[in-house]
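These notes concern the structure reproduced below.
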Amino acid sequence: MRIVTEFPHKLRHIENIWIPVVGGINLAARMWLPEDAEKNPVPAIIECVPYRKRDGLRFRDDEMHPYTAGHGYAVLRIDLRGTGESEGLPDDEYTVAEQDDIIAAIAWIAAQEWCTGKVGMMGISWGGFNSLQVAARQPEALKAIITVDSSDDRYNDDVHYMQGVLLHDNFSWASAMYAYAVLPPDPELVGPRWRQMWLDRLKHYRFPFHIWGGHQNRDAYWRQASVIENYDAIKAAVFAIGGWEDGYSNTVPRLCQHVKSPVKGWIGPWGHAYPHNALPGPEAGFLQEALRWWDQWLKGKETGVTRDPKITVWMNDSYAPDPCALERPGRWIAEDQWPSPRITTEKIKFGRYTLGHAPEAVSLSVKSPQTCGLSSVEWCSYGGSDGDYPAEQRGDDGMSLCFDGLPLKERCEIFGMPVVELAFAVDKPVARIAVRLNDVAPDGASTRVTFCVFSLNHKDDQEHPADLVPGRRYTARIPLNYIAHAFLPGHRLRVAVSTNYWPMMMPAPEAATLTLFTDGCHLELPVRPTGAKDPAFEIPPPEKASHAPGHVTREGSAKREARLDIATGEIVLVNHKDAGGYHFAEIGVTSDCKVIETYRISPNDPLSYRCDISYEQMLKGPDWEARTVSLTSIKAEKAHFRITARMDAFDAGTRIFSDEEAYDLKREYC
């Protein structure tokens, strides 16, 4: 990683400016811009997220935004309404009101004397989502966006649901925001009103699982702000970036296929992080590529991005399962067109536990233990340092129906979305499955390549799912996540199908037995010709700016541990996500965060599922200290979920707010 300290433009840093938006509210922004921008206006680039510009993402912002500003841009990191120092009250994610605020901010920025009137928008995750959403609203000044690790489909490809299945991340993410969104503004920036602003946030913001768990099917709530509903609404140029270990890898190929404005895609081996400091490696020079994009569409420079391949991705080679891997073997590949005309679909039929050989029309049944899935804890990886990549799959394979191919005689490369079509019957009216495509090495090690969890009740209509008739034969097409992977000679392909995938997906109300009819089952594999020539492209090495000084005040730790009760078979999984503490010397603020997630389930009882999450957040300034402690739990019952949520807030050690609620949330097909 190269640290860049000298830039073409000398910079001015403004710790906080106020941007007037809707209803007399001011959003708070941190800004970097060239010293002479008032005399020589520059384009502006904004990033809008609720993650606290003052402290939460300060070091990350320091490494990125001065780099871009130093090349002739005004860069503004804006806190969303009711978060950080911004006025108003925090609310739900991706609302029309959020978009209205950002559109008003864009218009205000474009009219400033230091701005040329052209604006770009960027961000990762939440900031990548709203970049797409605001682009679809077509504000006049917005000319280009960069969206990283985001989704065009809020129902199928976000933290809440996957193909109709309630993800445990839905609840854990609600728990995280419950503790984080209500943190106070910094008194140094907002003055004595900080306590009242804090109290207003605490009183207003409710545990958001009320909302996200309350929309269990793909209704109008999820369609709002899902740009998959109308790609043609996007007129700005789009640079879309993702990672194969991230939860949002499907967005990039879909945008490259459907957006009609200039679009370019980039997918690395990474988890949920910007490419210049993401794991697993290799990392890549995101900031240089971003500059090429901005210079082309905001400054009118010819940078060559219009001649770049449509999509550039990392092709994994077969690798051993390792939850903490730092690198992935493989190479970069590229396609000038997407979908690529040279990628063909190979249809591979199932037999009696076979894939592509010895075809046989048989029926095979499985009723996986509720504990199946432990080797793949997280729906989305945040970088693997705490073991959040999928581990060795043989344990879960043993609880699944597995269909194996013969050892490959030559290299087999795939790039695209594999699909598994299943002819099936179940013995319960509600059922869901997990389907994995694994790479099995000659020594038997099984690596998850891609997967999907899928509600069989949602197979025909995600907005109006229906009961399954026990014993009736059905067909379902299961879209696995997009992937680029090379299976090496001697390795075998394996399709593994299970009726559970804990704790990633919520167990069904009743344990179901799945029967597959192999005469109606096959795998559709997107095969790329081995040795296919790539168009010319370059992946620059990573660069970033330096961040301001600080020091660790408390070492954090991250680990996952599973405890098995030999007598009962119950498994208790504890995720320790202790971020530790850090002091930001430049502003005199210390932050600290501790998280513990505890999941438990018994192998034969789906209603034994329970999750308890505790969050403790602390901020401390020169003469103030704020702390929030939240405790949330979800318990599965047959007809409903039992939810409890408690929030306590402490001002310099004195509790100033406490709220607790318990309620039942009706289960539909989740």
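Lettering and numbering for the structure tokens are positional, with chains as A, B, ... in the shown order, residues counted from 1 in each chain, and ligands counted from 1 in the shown order.
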
Practice task
With a distance cut-off of 9 Å and only C-alpha atoms, select the neighbouring residues of A:Cys48, excluding the residue or stretch itself and same-chain residues fewer than 5 positions from it, and output the selection as a list in words.
Solution key: Ala29, Leu76, Arg77, Ile78, Asp79, Leu80, Ile102, Met121, Met122, Gly123, Trp126, Gly127, Asn130 and Ser131 of chain A

Problem - All strand (DSSP E) residues (DSSP, backbone) inside stretch 50-162 of chain A, as a list in words - result: Ala74, Val75, Leu76, Arg77, Ile78, Asp79, Cys115, Thr116, Gly117, Lys118, Val119, Gly120, Met121, Met122, Gly123, Ile124, Leu142, Lys143, Ala144, Ile145, Ile146, Thr147, Val148, Tyr161 and Met162 of chain A

Give me the stretch 211-270 of chain A side of the contact with stretch 168-184 of chain A, cut-off 10 Å, one line per residue showing its nearest atom pair and distance in Å at one decimal, counting only C-alpha atoms, sorted by chain and residue number, as a tab-separated table.
```
residue	atom	partner	partner_atom	distance
A:Ile211	CA	A:Ala174	CA	9.5
A:Trp212	CA	A:Asn170	CA	7.2
A:Gly213	CA	A:Asn170	CA	7.5
```

Expected file: the selected residues, N, CA and C atoms, as an mmCIF file, in the first residue's frame:
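Result went into again.cif, see below:
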```
data_model
loop_
_atom_site.group_PDB
_atom_site.id
_atom_site.type_symbol
_atom_site.label_atom_id
_atom_site.label_comp_id
_atom_site.auth_asym_id
_atom_site.auth_seq_id
_atom_site.Cartn_x
_atom_site.Cartn_y
_atom_site.Cartn_z
ATOM 1 N N ILE A 211 -39.966 -2.675 11.405
ATOM 2 C CA ILE A 211 -40.231 -2.393 9.990
ATOM 3 C C ILE A 211 -39.777 -3.558 9.123
ATOM 4 N N TRP A 212 -38.515 -3.925 9.254
ATOM 5 C CA TRP A 212 -37.913 -4.884 8.324
ATOM 6 C C TRP A 212 -38.491 -6.280 8.492
ATOM 7 N N GLY A 213 -38.784 -6.663 9.743
ATOM 8 C CA GLY A 213 -39.423 -7.953 9.960
ATOM 9 C C GLY A 213 -40.900 -7.934 9.647
#
```

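Between A:Arg254 and the residues A:Tyr482, A:Trp270, A:Arg30, A:Arg473, the shortest atom-to-atom distance, using only C-alpha atoms, involves A:Tyr482.
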
What's the 12 Å shell around A:Arg655, counting only C-alpha atoms, without same-chain residues fewer than 3 positions away, as a PDB file with C-alpha atoms, in the first residue's frame?
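What landed in part_20.pdb:
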```pdb
ATOM      1  CA  LEU A 199     -32.723  12.833  23.928  1.00  0.00           C
ATOM      2  CA  GLU A 625     -19.233  11.082  27.825  1.00  0.00           C
ATOM      3  CA  ALA A 626     -22.156   9.295  26.164  1.00  0.00           C
ATOM      4  CA  ARG A 627     -22.908   5.581  26.248  1.00  0.00           C
ATOM      5  CA  THR A 628     -25.721   3.454  24.808  1.00  0.00           C
ATOM      6  CA  VAL A 629     -26.405  -0.149  25.768  1.00  0.00           C
ATOM      7  CA  MET A 647     -32.214   0.559  25.291  1.00  0.00           C
ATOM      8  CA  ASP A 648     -30.385   2.426  28.060  1.00  0.00           C
ATOM      9  CA  ALA A 649     -28.433   5.635  27.572  1.00  0.00           C
ATOM     10  CA  PHE A 650     -25.933   7.137  30.003  1.00  0.00           C
ATOM     11  CA  ASP A 651     -24.669  10.717  30.205  1.00  0.00           C
ATOM     12  CA  ALA A 652     -21.329  10.727  32.080  1.00  0.00           C
ATOM     13  CA  SER A 658     -34.430   3.703  29.367  1.00  0.00           C
ATOM     14  CA  ASP A 659     -36.976   1.964  27.189  1.00  0.00           C
TER      15      ASP A 659
END
```

Exercise for the section: Would you list the contacts of stretch 291-305 of chain A as number ranges by chain, taking every protein, DNA or RNA residue within 7 Å and counting only C-alpha atoms, but skipping same-chain residues closer than 5 positions in sequence? Expected result: A: 43, 68, 118, 143-144

Problem - Given only C-alpha atoms as the counted atoms, nearest of A:Ala441, A:Ala361, A:Ala484, A:Val377 to A:Pro323 - result: A:Val377

Using only C-alpha atoms, find each residue of stretch 284-315 of chain A with at least one atom at most 12 Å away from an atom of stretch 412-424 of chain A; report its shortest atom-to-atom pair and that distance in Å (one decimal), sort the rows by chain and rising residue number, and return the result as a Markdown table.
```
| residue | atom | partner | partner_atom | distance |
| --- | --- | --- | --- | --- |
| A:Ile311 | CA | A:Phe415 | CA | 11.3 |
| A:Thr312 | CA | A:Phe415 | CA | 11.1 |
| A:Val313 | CA | A:Phe415 | CA | 9.1 |
| A:Trp314 | CA | A:Phe415 | CA | 9.9 |
| A:Met315 | CA | A:Phe415 | CA | 7.9 |
```

Compile the contact shell of A:Pro359 as a tab-separated table (two decimals) with C-alpha atoms, in the first residue's frame: residues with an atom at most 7 Å away, counting only C-alpha atoms, same-chain residues fewer than 6 positions apart removed.
```tsv
chain	number	residue	atom	x	y	z
A	349	LYS	CA	-28.01	-33.55	-14.94
A	350	PHE	CA	-28.37	-35.18	-11.53
A	351	GLY	CA	-28.27	-38.91	-10.85
```

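Comparing A:Trp222, A:Phe641, A:Tyr609, A:Tyr582 by their smallest distance to A:Ala662, the closest is A:Phe641 (using only C-alpha atoms).
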
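Picture a line from atom CA of A:Asp157 to atom CA of A:Leu665; it runs 22.7 Å.
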
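Interatomic distance, atom CA of A:Leu573 to atom CA of A:Leu374: 8.7 Å.
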